[in-house]
$ cat start34.cif   # mmCIF, N, CA and C atoms
data_model
loop_
_atom_site.group_PDB
_atom_site.id
_atom_site.type_symbol
_atom_site.label_atom_id
_atom_site.label_comp_id
_atom_site.auth_asym_id
_atom_site.auth_seq_id
_atom_site.Cartn_x
_atom_site.Cartn_y
_atom_site.Cartn_z
ATOM 1 N N MET H 1 39.460 -17.378 3.542
ATOM 2 C CA MET H 1 38.869 -16.114 3.925
ATOM 3 C C MET H 1 37.485 -16.375 4.495
ATOM 4 N N SER H 2 37.207 -15.765 5.644
ATOM 5 C CA SER H 2 35.895 -15.904 6.245
ATOM 6 C C SER H 2 35.211 -14.541 6.279
ATOM 7 N N LEU H 3 34.254 -14.356 5.387
ATOM 8 C CA LEU H 3 33.524 -13.089 5.354
ATOM 9 C C LEU H 3 32.705 -12.890 6.622
ATOM 10 N N LYS H 4 32.206 -13.980 7.204
ATOM 11 C CA LYS H 4 31.434 -13.876 8.438
ATOM 12 C C LYS H 4 32.308 -13.332 9.565
ATOM 13 N N LEU H 5 33.520 -13.871 9.698
ATOM 14 C CA LEU H 5 34.417 -13.395 10.745
ATOM 15 C C LEU H 5 34.826 -11.947 10.509
ATOM 16 N N MET H 6 35.072 -11.587 9.262
ATOM 17 C CA MET H 6 35.413 -10.199 8.962
ATOM 18 C C MET H 6 34.259 -9.273 9.323
ATOM 19 N N ASP H 7 33.031 -9.693 9.021
ATOM 20 C CA ASP H 7 31.855 -8.904 9.380
ATOM 21 C C ASP H 7 31.753 -8.752 10.894
ATOM 22 N N ASP H 8 32.043 -9.837 11.625
ATOM 23 C CA ASP H 8 32.016 -9.778 13.087
ATOM 24 C C ASP H 8 33.014 -8.741 13.607
ATOM 25 N N VAL H 9 34.207 -8.730 13.027
ATOM 26 C CA VAL H 9 35.234 -7.782 13.469
ATOM 27 C C VAL H 9 34.803 -6.345 13.196
ATOM 28 N N PHE H 10 34.193 -6.097 12.036
ATOM 29 C CA PHE H 10 33.757 -4.740 11.717
ATOM 30 C C PHE H 10 32.742 -4.222 12.732
ATOM 31 N N ARG H 11 31.961 -5.100 13.323
ATOM 32 C CA ARG H 11 30.942 -4.696 14.294
ATOM 33 C C ARG H 11 31.483 -4.611 15.719
ATOM 34 N N MET H 12 32.725 -4.965 15.928
ATOM 35 C CA MET H 12 33.302 -5.007 17.273
ATOM 36 C C MET H 12 33.980 -3.714 17.667
ATOM 37 N N ARG H 13 34.081 -3.548 18.969
ATOM 38 C CA ARG H 13 34.900 -2.489 19.549
ATOM 39 C C ARG H 13 36.185 -3.156 20.009
ATOM 40 N N VAL H 14 37.279 -2.804 19.384
ATOM 41 C CA VAL H 14 38.564 -3.395 19.720
ATOM 42 C C VAL H 14 39.361 -2.457 20.615
ATOM 43 N N GLY H 15 39.104 -1.170 20.513
ATOM 44 C CA GLY H 15 39.772 -0.210 21.372
ATOM 45 C C GLY H 15 40.934 0.515 20.731
ATOM 46 N N ASN H 16 41.312 0.107 19.516
ATOM 47 C CA ASN H 16 42.451 0.712 18.839
ATOM 48 C C ASN H 16 42.285 0.441 17.349
ATOM 49 N N ALA H 17 42.328 1.486 16.542
ATOM 50 C CA ALA H 17 42.076 1.342 15.107
ATOM 51 C C ALA H 17 43.100 0.448 14.412
ATOM 52 N N VAL H 18 44.356 0.601 14.764
ATOM 53 C CA VAL H 18 45.397 -0.213 14.125
ATOM 54 C C VAL H 18 45.260 -1.671 14.552
ATOM 55 N N ARG H 19 44.961 -1.896 15.819
ATOM 56 C CA ARG H 19 44.744 -3.255 16.321
ATOM 57 C C ARG H 19 43.557 -3.907 15.601
ATOM 58 N N LYS H 20 42.528 -3.102 15.335
ATOM 59 C CA LYS H 20 41.367 -3.615 14.616
ATOM 60 C C LYS H 20 41.761 -4.022 13.192
ATOM 61 N N LEU H 21 42.625 -3.249 12.548
ATOM 62 C CA LEU H 21 43.103 -3.602 11.216
ATOM 63 C C LEU H 21 43.812 -4.955 11.239
ATOM 64 N N VAL H 22 44.655 -5.175 12.237
ATOM 65 C CA VAL H 22 45.352 -6.460 12.356
ATOM 66 C C VAL H 22 44.341 -7.585 12.551
ATOM 67 N N LEU H 23 43.322 -7.363 13.374
ATOM 68 C CA LEU H 23 42.301 -8.382 13.592
ATOM 69 C C LEU H 23 41.494 -8.649 12.325
ATOM 70 N N ILE H 24 41.224 -7.609 11.555
ATOM 71 C CA ILE H 24 40.533 -7.787 10.270
ATOM 72 C C ILE H 24 41.366 -8.652 9.337
ATOM 73 N N LYS H 25 42.672 -8.395 9.283
ATOM 74 C CA LYS H 25 43.537 -9.205 8.408
ATOM 75 C C LYS H 25 43.637 -10.640 8.905
ATOM 76 N N LEU H 26 43.625 -10.851 10.219
ATOM 77 C CA LEU H 26 43.612 -12.219 10.741
ATOM 78 C C LEU H 26 42.311 -12.914 10.331
ATOM 79 N N ALA H 27 41.192 -12.212 10.448
ATOM 80 C CA ALA H 27 39.907 -12.792 10.039
ATOM 81 C C ALA H 27 39.885 -13.058 8.539
ATOM 82 N N ASP H 28 40.510 -12.182 7.774
ATOM 83 C CA ASP H 28 40.588 -12.354 6.328
ATOM 84 C C ASP H 28 41.369 -13.620 5.964
ATOM 85 N N ASN H 29 42.331 -13.985 6.788
ATOM 86 C CA ASN H 29 43.139 -15.179 6.544
ATOM 87 C C ASN H 29 42.565 -16.434 7.182
ATOM 88 N N ALA H 30 41.519 -16.291 7.984
ATOM 89 C CA ALA H 30 41.005 -17.417 8.769
ATOM 90 C C ALA H 30 40.043 -18.292 7.983
ATOM 91 N N SER H 31 39.994 -19.546 8.414
ATOM 92 C CA SER H 31 38.959 -20.455 7.918
ATOM 93 C C SER H 31 37.662 -20.103 8.639
ATOM 94 N N ASP H 32 36.559 -20.700 8.219
ATOM 95 C CA ASP H 32 35.279 -20.436 8.884
ATOM 96 C C ASP H 32 35.290 -20.869 10.343
ATOM 97 N N SER H 33 36.199 -21.773 10.701
ATOM 98 C CA SER H 33 36.303 -22.201 12.093
ATOM 99 C C SER H 33 37.155 -21.238 12.921
ATOM 100 N N GLY H 34 37.715 -20.211 12.281
ATOM 101 C CA GLY H 34 38.468 -19.193 12.996
ATOM 102 C C GLY H 34 39.943 -19.473 13.157
ATOM 103 N N VAL H 35 40.479 -20.428 12.411
ATOM 104 C CA VAL H 35 41.898 -20.770 12.498
ATOM 105 C C VAL H 35 42.649 -20.104 11.346
ATOM 106 N N CYS H 36 43.778 -19.477 11.683
ATOM 107 C CA CYS H 36 44.594 -18.859 10.643
ATOM 108 C C CYS H 36 46.062 -18.947 11.028
ATOM 109 N N CYS H 37 46.923 -18.840 10.044
ATOM 110 C CA CYS H 37 48.363 -18.922 10.320
ATOM 111 C C CYS H 37 49.164 -18.029 9.373
ATOM 112 N N PRO H 38 48.812 -16.744 9.302
ATOM 113 C CA PRO H 38 49.614 -15.851 8.460
ATOM 114 C C PRO H 38 50.944 -15.526 9.136
ATOM 115 N N SER H 39 51.938 -15.288 8.338
ATOM 116 C CA SER H 39 53.235 -14.914 8.896
ATOM 117 C C SER H 39 53.199 -13.456 9.348
ATOM 118 N N TYR H 40 54.119 -13.117 10.250
ATOM 119 C CA TYR H 40 54.240 -11.727 10.657
ATOM 120 C C TYR H 40 54.551 -10.848 9.452
ATOM 121 N N GLN H 41 55.380 -11.368 8.538
ATOM 122 C CA GLN H 41 55.736 -10.599 7.346
ATOM 123 C C GLN H 41 54.516 -10.325 6.489
ATOM 124 N N HIS H 42 53.668 -11.333 6.306
ATOM 125 C CA HIS H 42 52.446 -11.147 5.511
ATOM 126 C C HIS H 42 51.559 -10.077 6.141
ATOM 127 N N LEU H 43 51.343 -10.169 7.450
ATOM 128 C CA LEU H 43 50.512 -9.178 8.132
ATOM 129 C C LEU H 43 51.159 -7.797 8.072
ATOM 130 N N SER H 44 52.466 -7.758 8.224
ATOM 131 C CA SER H 44 53.196 -6.500 8.143
ATOM 132 C C SER H 44 53.013 -5.849 6.771
ATOM 133 N N ASP H 45 53.152 -6.626 5.729
ATOM 134 C CA ASP H 45 52.975 -6.114 4.371
ATOM 135 C C ASP H 45 51.543 -5.646 4.127
ATOM 136 N N GLN H 46 50.573 -6.441 4.538
ATOM 137 C CA GLN H 46 49.170 -6.133 4.295
ATOM 138 C C GLN H 46 48.686 -4.930 5.104
ATOM 139 N N CYS H 47 49.176 -4.780 6.321
ATOM 140 C CA CYS H 47 48.744 -3.688 7.199
ATOM 141 C C CYS H 47 49.644 -2.461 7.096
ATOM 142 N N GLU H 48 50.717 -2.581 6.310
ATOM 143 C CA GLU H 48 51.664 -1.487 6.102
ATOM 144 C C GLU H 48 52.234 -0.966 7.421
ATOM 145 N N MET H 49 52.759 -1.911 8.215
ATOM 146 C CA MET H 49 53.404 -1.562 9.478
ATOM 147 C C MET H 49 54.559 -2.516 9.714
ATOM 148 N N SER H 50 55.367 -2.207 10.688
ATOM 149 C CA SER H 50 56.520 -3.057 10.979
ATOM 150 C C SER H 50 56.085 -4.388 11.594
ATOM 151 N N LYS H 51 56.967 -5.371 11.474
ATOM 152 C CA LYS H 51 56.681 -6.671 12.093
ATOM 153 C C LYS H 51 56.565 -6.533 13.604
ATOM 154 N N LYS H 52 57.388 -5.688 14.205
ATOM 155 C CA LYS H 52 57.317 -5.479 15.659
ATOM 156 C C LYS H 52 55.948 -4.922 16.061
ATOM 157 N N SER H 53 55.419 -4.011 15.268
ATOM 158 C CA SER H 53 54.086 -3.469 15.557
ATOM 159 C C SER H 53 53.025 -4.559 15.457
ATOM 160 N N VAL H 54 53.127 -5.370 14.419
ATOM 161 C CA VAL H 54 52.181 -6.484 14.267
ATOM 162 C C VAL H 54 52.258 -7.397 15.482
ATOM 163 N N MET H 55 53.458 -7.710 15.914
ATOM 164 C CA MET H 55 53.642 -8.608 17.060
ATOM 165 C C MET H 55 53.035 -8.009 18.331
ATOM 166 N N ARG H 56 53.213 -6.713 18.526
ATOM 167 C CA ARG H 56 52.646 -6.047 19.715
ATOM 168 C C ARG H 56 51.119 -6.075 19.671
ATOM 169 N N HIS H 57 50.544 -5.822 18.500
ATOM 170 C CA HIS H 57 49.085 -5.818 18.384
ATOM 171 C C HIS H 57 48.508 -7.221 18.539
ATOM 172 N N ILE H 58 49.194 -8.210 18.024
ATOM 173 C CA ILE H 58 48.732 -9.591 18.197
ATOM 174 C C ILE H 58 48.754 -9.971 19.679
ATOM 175 N N LEU H 59 49.811 -9.595 20.374
ATOM 176 C CA LEU H 59 49.889 -9.880 21.807
ATOM 177 C C LEU H 59 48.745 -9.192 22.560
ATOM 178 N N ALA H 60 48.458 -7.944 22.217
ATOM 179 C CA ALA H 60 47.364 -7.212 22.866
ATOM 180 C C ALA H 60 46.014 -7.857 22.554
ATOM 181 N N LEU H 61 45.815 -8.301 21.314
ATOM 182 C CA LEU H 61 44.566 -8.980 20.948
ATOM 183 C C LEU H 61 44.413 -10.290 21.707
ATOM 184 N N GLU H 62 45.514 -10.995 21.866
ATOM 185 C CA GLU H 62 45.485 -12.251 22.609
ATOM 186 C C GLU H 62 45.146 -11.998 24.077
ATOM 187 N N ARG H 63 45.782 -10.999 24.667
ATOM 188 C CA ARG H 63 45.513 -10.665 26.072
ATOM 189 C C ARG H 63 44.071 -10.211 26.285
ATOM 190 N N ALA H 64 43.486 -9.571 25.270
ATOM 191 C CA ALA H 64 42.102 -9.098 25.371
ATOM 192 C C ALA H 64 41.091 -10.213 25.113
ATOM 193 N N GLY H 65 41.572 -11.385 24.699
ATOM 194 C CA GLY H 65 40.682 -12.523 24.504
ATOM 195 C C GLY H 65 40.092 -12.667 23.112
ATOM 196 N N PHE H 66 40.588 -11.891 22.155
ATOM 197 C CA PHE H 66 40.089 -11.994 20.789
ATOM 198 C C PHE H 66 40.629 -13.214 20.056
ATOM 199 N N MET H 67 41.721 -13.810 20.584
ATOM 200 C CA MET H 67 42.323 -14.967 19.932
ATOM 201 C C MET H 67 43.265 -15.662 20.894
ATOM 202 N N THR H 68 43.627 -16.893 20.536
ATOM 203 C CA THR H 68 44.645 -17.629 21.285
ATOM 204 C C THR H 68 45.615 -18.253 20.296
ATOM 205 N N LYS H 69 46.857 -18.396 20.750
ATOM 206 C CA LYS H 69 47.837 -19.132 19.959
ATOM 207 C C LYS H 69 47.591 -20.613 20.196
ATOM 208 N N LEU H 70 47.677 -21.396 19.140
ATOM 209 C CA LEU H 70 47.475 -22.837 19.255
ATOM 210 C C LEU H 70 48.809 -23.538 19.435
ATOM 211 N N ASN H 71 48.793 -24.659 20.111
ATOM 212 C CA ASN H 71 49.982 -25.499 20.229
ATOM 213 C C ASN H 71 50.300 -26.091 18.872
ATOM 214 N N SER H 72 51.534 -26.481 18.684
ATOM 215 C CA SER H 72 51.946 -26.990 17.375
ATOM 216 C C SER H 72 51.165 -28.234 16.962
ATOM 217 N N HIS H 73 50.715 -29.057 17.916
ATOM 218 C CA HIS H 73 49.967 -30.250 17.534
ATOM 219 C C HIS H 73 48.534 -29.929 17.111
ATOM 220 N N ASP H 74 48.078 -28.692 17.364
ATOM 221 C CA ASP H 74 46.750 -28.263 16.927
ATOM 222 C C ASP H 74 46.808 -27.530 15.592
ATOM 223 N N ASN H 75 47.972 -27.435 15.022
ATOM 224 C CA ASN H 75 48.197 -26.639 13.832
ATOM 225 C C ASN H 75 47.477 -27.233 12.619
ATOM 226 N N ASP H 76 46.559 -26.460 12.041
ATOM 227 C CA ASP H 76 45.861 -26.867 10.829
ATOM 228 C C ASP H 76 46.589 -26.399 9.574
ATOM 229 N N CYS H 77 47.689 -25.701 9.757
ATOM 230 C CA CYS H 77 48.410 -25.125 8.633
ATOM 231 C C CYS H 77 49.641 -25.967 8.312
ATOM 232 N N PHE H 78 50.082 -25.854 7.098
ATOM 233 C CA PHE H 78 51.236 -26.624 6.655
ATOM 234 C C PHE H 78 52.509 -25.797 6.666
ATOM 235 N N GLU H 79 52.406 -24.562 7.090
ATOM 236 C CA GLU H 79 53.563 -23.679 7.111
ATOM 237 C C GLU H 79 54.120 -23.586 8.521
ATOM 238 N N ILE H 80 55.318 -23.052 8.620
ATOM 239 C CA ILE H 80 55.938 -22.867 9.935
ATOM 240 C C ILE H 80 55.684 -21.425 10.382
ATOM 241 N N ASN H 81 54.432 -21.105 10.624
ATOM 242 C CA ASN H 81 54.025 -19.801 11.115
ATOM 243 C C ASN H 81 53.251 -20.007 12.403
ATOM 244 N N ASN H 82 53.057 -18.927 13.133
ATOM 245 C CA ASN H 82 52.181 -19.009 14.291
ATOM 246 C C ASN H 82 50.771 -19.355 13.822
ATOM 247 N N THR H 83 50.078 -20.106 14.628
ATOM 248 C CA THR H 83 48.698 -20.462 14.323
ATOM 249 C C THR H 83 47.812 -19.881 15.407
ATOM 250 N N TYR H 84 46.714 -19.279 14.983
ATOM 251 C CA TYR H 84 45.811 -18.615 15.909
ATOM 252 C C TYR H 84 44.389 -19.126 15.713
ATOM 253 N N ARG H 85 43.637 -19.122 16.799
ATOM 254 C CA ARG H 85 42.196 -19.369 16.724
ATOM 255 C C ARG H 85 41.517 -18.097 17.208
ATOM 256 N N LEU H 86 40.687 -17.520 16.342
ATOM 257 C CA LEU H 86 39.983 -16.298 16.683
ATOM 258 C C LEU H 86 38.770 -16.616 17.538
ATOM 259 N N HIS H 87 38.509 -15.752 18.507
ATOM 260 C CA HIS H 87 37.340 -15.877 19.390
ATOM 261 C C HIS H 87 36.500 -14.618 19.210
ATOM 262 N N LEU H 88 35.665 -14.617 18.184
ATOM 263 C CA LEU H 88 34.899 -13.421 17.856
ATOM 264 C C LEU H 88 33.429 -13.562 18.193
ATOM 265 N N ASP H 89 33.049 -14.651 18.826
ATOM 266 C CA ASP H 89 31.649 -14.874 19.140
ATOM 267 C C ASP H 89 31.254 -14.329 20.502
ATOM 268 N N ASN H 90 32.172 -13.653 21.179
ATOM 269 C CA ASN H 90 31.884 -13.088 22.495
ATOM 270 C C ASN H 90 31.054 -11.825 22.325
ATOM 271 N N SER H 91 29.790 -11.888 22.674
ATOM 272 C CA SER H 91 28.872 -10.781 22.402
ATOM 273 C C SER H 91 29.260 -9.503 23.138
ATOM 274 N N HIS H 92 29.989 -9.602 24.253
ATOM 275 C CA HIS H 92 30.348 -8.378 24.968
ATOM 276 C C HIS H 92 31.376 -7.546 24.210
ATOM 277 N N TYR H 93 32.000 -8.117 23.171
ATOM 278 C CA TYR H 93 32.914 -7.341 22.348
ATOM 279 C C TYR H 93 32.182 -6.592 21.246
ATOM 280 N N LEU H 94 30.961 -7.019 20.947
ATOM 281 C CA LEU H 94 30.223 -6.401 19.858
ATOM 282 C C LEU H 94 29.716 -5.032 20.274
ATOM 283 N N SER H 95 29.697 -4.138 19.346
ATOM 284 C CA SER H 95 29.226 -2.788 19.624
ATOM 285 C C SER H 95 27.725 -2.804 19.863
ATOM 286 N N ASN H 96 27.300 -2.181 20.941
ATOM 287 C CA ASN H 96 25.873 -2.051 21.221
ATOM 288 C C ASN H 96 25.314 -0.777 20.619
ATOM 289 N N ASN H 97 26.168 0.031 20.064
ATOM 290 C CA ASN H 97 25.758 1.308 19.519
ATOM 291 C C ASN H 97 25.654 1.183 18.008
ATOM 292 N N SER H 98 24.443 1.276 17.481
ATOM 293 C CA SER H 98 24.272 1.089 16.047
ATOM 294 C C SER H 98 24.685 2.326 15.257
ATOM 295 N N SER H 99 24.705 3.484 15.893
ATOM 296 C CA SER H 99 25.149 4.692 15.196
ATOM 297 C C SER H 99 26.595 4.985 15.547
ATOM 298 N N GLU H 100 27.294 5.635 14.649
ATOM 299 C CA GLU H 100 28.695 5.948 14.898
ATOM 300 C C GLU H 100 28.803 7.076 15.906
ATOM 301 N N GLU H 101 29.808 6.987 16.763
ATOM 302 C CA GLU H 101 30.065 8.068 17.702
ATOM 303 C C GLU H 101 30.756 9.203 16.963
ATOM 304 N N VAL H 102 30.437 10.395 17.365
ATOM 305 C CA VAL H 102 31.034 11.574 16.730
ATOM 306 C C VAL H 102 32.004 12.193 17.730
ATOM 307 N N TYR H 103 33.225 12.401 17.282
ATOM 308 C CA TYR H 103 34.248 12.988 18.133
ATOM 309 C C TYR H 103 34.568 14.383 17.636
ATOM 310 N N GLN H 104 34.674 15.309 18.565
ATOM 311 C CA GLN H 104 35.056 16.660 18.181
ATOM 312 C C GLN H 104 36.574 16.733 18.113
ATOM 313 N N LEU H 105 37.066 17.422 17.122
ATOM 314 C CA LEU H 105 38.509 17.590 16.959
ATOM 315 C C LEU H 105 38.980 18.843 17.632
#
$ encode --input "start34.cif" --output "structure tokens"
Amino acid sequence: MSLKLMDDVFRMRVGNAVRKLVLIKLADNASDSGVCCPSYQHLSDQCEMSKKSVMRHILALERAGFMTKLNSHDNDCFEINNTYRLHLDNSHYLSNNSSEEVYQL
């Protein structure tokens, strides 16, 4: 678990609340170097959503540049799960607004 990475995610604008939850859980599973390999089932259980939803959000996060899938020879994990490296140090993803935005319903 990397509390620093989780803190980084909380300060970011991801563009979708559910996608942000998936990114938080990835950060929660990551080492301090940003590598994690949770199973889709684990993320599905933790985020209380279907595996297909988790897969769609992971793909969207990857396309947005928040993470990349690693090749099998780069795998730091001992399990047969996907391995990801989080890229949370990109300052343009961080929120520049210190106060919360208020939305009218």
$ resolve_selection --input "start34.cif" --expression "the PyMOL selection byres ((chain H and resi 38-47) around 8)" --output "mmCIF file with N, CA and C atoms, in the coordinates of the input"
data_model
loop_
_atom_site.group_PDB
_atom_site.id
_atom_site.type_symbol
_atom_site.label_atom_id
_atom_site.label_comp_id
_atom_site.auth_asym_id
_atom_site.auth_seq_id
_atom_site.Cartn_x
_atom_site.Cartn_y
_atom_site.Cartn_z
ATOM 1 N N LEU H 21 42.625 -3.249 12.548
ATOM 2 C CA LEU H 21 43.103 -3.602 11.216
ATOM 3 C C LEU H 21 43.812 -4.955 11.239
ATOM 4 N N VAL H 22 44.655 -5.175 12.237
ATOM 5 C CA VAL H 22 45.352 -6.460 12.356
ATOM 6 C C VAL H 22 44.341 -7.585 12.551
ATOM 7 N N LYS H 25 42.672 -8.395 9.283
ATOM 8 C CA LYS H 25 43.537 -9.205 8.408
ATOM 9 C C LYS H 25 43.637 -10.640 8.905
ATOM 10 N N LEU H 26 43.625 -10.851 10.219
ATOM 11 C CA LEU H 26 43.612 -12.219 10.741
ATOM 12 C C LEU H 26 42.311 -12.914 10.331
ATOM 13 N N ASN H 29 42.331 -13.985 6.788
ATOM 14 C CA ASN H 29 43.139 -15.179 6.544
ATOM 15 C C ASN H 29 42.565 -16.434 7.182
ATOM 16 N N ALA H 30 41.519 -16.291 7.984
ATOM 17 C CA ALA H 30 41.005 -17.417 8.769
ATOM 18 C C ALA H 30 40.043 -18.292 7.983
ATOM 19 N N VAL H 35 40.479 -20.428 12.411
ATOM 20 C CA VAL H 35 41.898 -20.770 12.498
ATOM 21 C C VAL H 35 42.649 -20.104 11.346
ATOM 22 N N CYS H 36 43.778 -19.477 11.683
ATOM 23 C CA CYS H 36 44.594 -18.859 10.643
ATOM 24 C C CYS H 36 46.062 -18.947 11.028
ATOM 25 N N CYS H 37 46.923 -18.840 10.044
ATOM 26 C CA CYS H 37 48.363 -18.922 10.320
ATOM 27 C C CYS H 37 49.164 -18.029 9.373
ATOM 28 N N GLU H 48 50.717 -2.581 6.310
ATOM 29 C CA GLU H 48 51.664 -1.487 6.102
ATOM 30 C C GLU H 48 52.234 -0.966 7.421
ATOM 31 N N MET H 49 52.759 -1.911 8.215
ATOM 32 C CA MET H 49 53.404 -1.562 9.478
ATOM 33 C C MET H 49 54.559 -2.516 9.714
ATOM 34 N N SER H 50 55.367 -2.207 10.688
ATOM 35 C CA SER H 50 56.520 -3.057 10.979
ATOM 36 C C SER H 50 56.085 -4.388 11.594
ATOM 37 N N LYS H 51 56.967 -5.371 11.474
ATOM 38 C CA LYS H 51 56.681 -6.671 12.093
ATOM 39 C C LYS H 51 56.565 -6.533 13.604
ATOM 40 N N LYS H 52 57.388 -5.688 14.205
ATOM 41 C CA LYS H 52 57.317 -5.479 15.659
ATOM 42 C C LYS H 52 55.948 -4.922 16.061
ATOM 43 N N SER H 53 55.419 -4.011 15.268
ATOM 44 C CA SER H 53 54.086 -3.469 15.557
ATOM 45 C C SER H 53 53.025 -4.559 15.457
ATOM 46 N N VAL H 54 53.127 -5.370 14.419
ATOM 47 C CA VAL H 54 52.181 -6.484 14.267
ATOM 48 C C VAL H 54 52.258 -7.397 15.482
ATOM 49 N N MET H 55 53.458 -7.710 15.914
ATOM 50 C CA MET H 55 53.642 -8.608 17.060
ATOM 51 C C MET H 55 53.035 -8.009 18.331
ATOM 52 N N ILE H 80 55.318 -23.052 8.620
ATOM 53 C CA ILE H 80 55.938 -22.867 9.935
ATOM 54 C C ILE H 80 55.684 -21.425 10.382
ATOM 55 N N ASN H 81 54.432 -21.105 10.624
ATOM 56 C CA ASN H 81 54.025 -19.801 11.115
ATOM 57 C C ASN H 81 53.251 -20.007 12.403
ATOM 58 N N ASN H 82 53.057 -18.927 13.133
ATOM 59 C CA ASN H 82 52.181 -19.009 14.291
ATOM 60 C C ASN H 82 50.771 -19.355 13.822
ATOM 61 N N THR H 83 50.078 -20.106 14.628
ATOM 62 C CA THR H 83 48.698 -20.462 14.323
ATOM 63 C C THR H 83 47.812 -19.881 15.407
ATOM 64 N N TYR H 84 46.714 -19.279 14.983
ATOM 65 C CA TYR H 84 45.811 -18.615 15.909
ATOM 66 C C TYR H 84 44.389 -19.126 15.713
#
$ residues_around --input "start34.cif" --residues "Asp28 (chain H)" --least-positions-apart "6" --cutoff "6.5 Å" --atoms "all atoms listed in the file" --output "PyMOL selection string"
chain H and resi 1-2+5-6
$ axis_aligned_box --input "start34.cif" --around "region 19-33 of chain H" --padding-each-side "8 Å" --output "JSON"
{"center_x": 40.3, "center_y": -12.0, "center_z": 11.1, "size_x": 26.1, "size_y": 36.3, "size_z": 26.4}
$ residues_around --input "start34.cif" --residues "Asp8 (chain H)" --least-positions-apart "3" --cutoff "8 Å" --atoms "only N, CA and C atoms" --output "NGL selection string"
:H and (2-5 or 11-13 or 88-89 or 93-94)
$ resolve_selection --input "start34.cif" --expression "the PyMOL selection byres ((chain H and resi 17-19) around 8)" --output "number ranges by chain"
H: 14-16, 20-25, 56-58, 60-61
$ write_last_selection --input "start34.cif" --atoms "N, CA and C atoms" --output "short mmCIF file (atom, residue, chain, number, x, y, z; two decimals), in the frame of the given file"
data_model
loop_
_atom_site.label_atom_id
_atom_site.label_comp_id
_atom_site.auth_asym_id
_atom_site.auth_seq_id
_atom_site.Cartn_x
_atom_site.Cartn_y
_atom_site.Cartn_z
N VAL H 14 37.28 -2.80 19.38
CA VAL H 14 38.56 -3.40 19.72
C VAL H 14 39.36 -2.46 20.62
N GLY H 15 39.10 -1.17 20.51
CA GLY H 15 39.77 -0.21 21.37
C GLY H 15 40.93 0.52 20.73
N ASN H 16 41.31 0.11 19.52
CA ASN H 16 42.45 0.71 18.84
C ASN H 16 42.28 0.44 17.35
N LYS H 20 42.53 -3.10 15.34
CA LYS H 20 41.37 -3.62 14.62
C LYS H 20 41.76 -4.02 13.19
N LEU H 21 42.62 -3.25 12.55
CA LEU H 21 43.10 -3.60 11.22
C LEU H 21 43.81 -4.96 11.24
N VAL H 22 44.66 -5.18 12.24
CA VAL H 22 45.35 -6.46 12.36
C VAL H 22 44.34 -7.58 12.55
N LEU H 23 43.32 -7.36 13.37
CA LEU H 23 42.30 -8.38 13.59
C LEU H 23 41.49 -8.65 12.32
N ILE H 24 41.22 -7.61 11.56
CA ILE H 24 40.53 -7.79 10.27
C ILE H 24 41.37 -8.65 9.34
N LYS H 25 42.67 -8.40 9.28
CA LYS H 25 43.54 -9.20 8.41
C LYS H 25 43.64 -10.64 8.90
N ARG H 56 53.21 -6.71 18.53
CA ARG H 56 52.65 -6.05 19.72
C ARG H 56 51.12 -6.08 19.67
N HIS H 57 50.54 -5.82 18.50
CA HIS H 57 49.08 -5.82 18.38
C HIS H 57 48.51 -7.22 18.54
N ILE H 58 49.19 -8.21 18.02
CA ILE H 58 48.73 -9.59 18.20
C ILE H 58 48.75 -9.97 19.68
N ALA H 60 48.46 -7.94 22.22
CA ALA H 60 47.36 -7.21 22.87
C ALA H 60 46.01 -7.86 22.55
N LEU H 61 45.82 -8.30 21.31
CA LEU H 61 44.57 -8.98 20.95
C LEU H 61 44.41 -10.29 21.71
#
$ atom_distance --input "start34.cif" --atom1 "atom N of Gly65 (chain H)" --atom2 "CA of Arg85 (chain H)"
11.3 Å
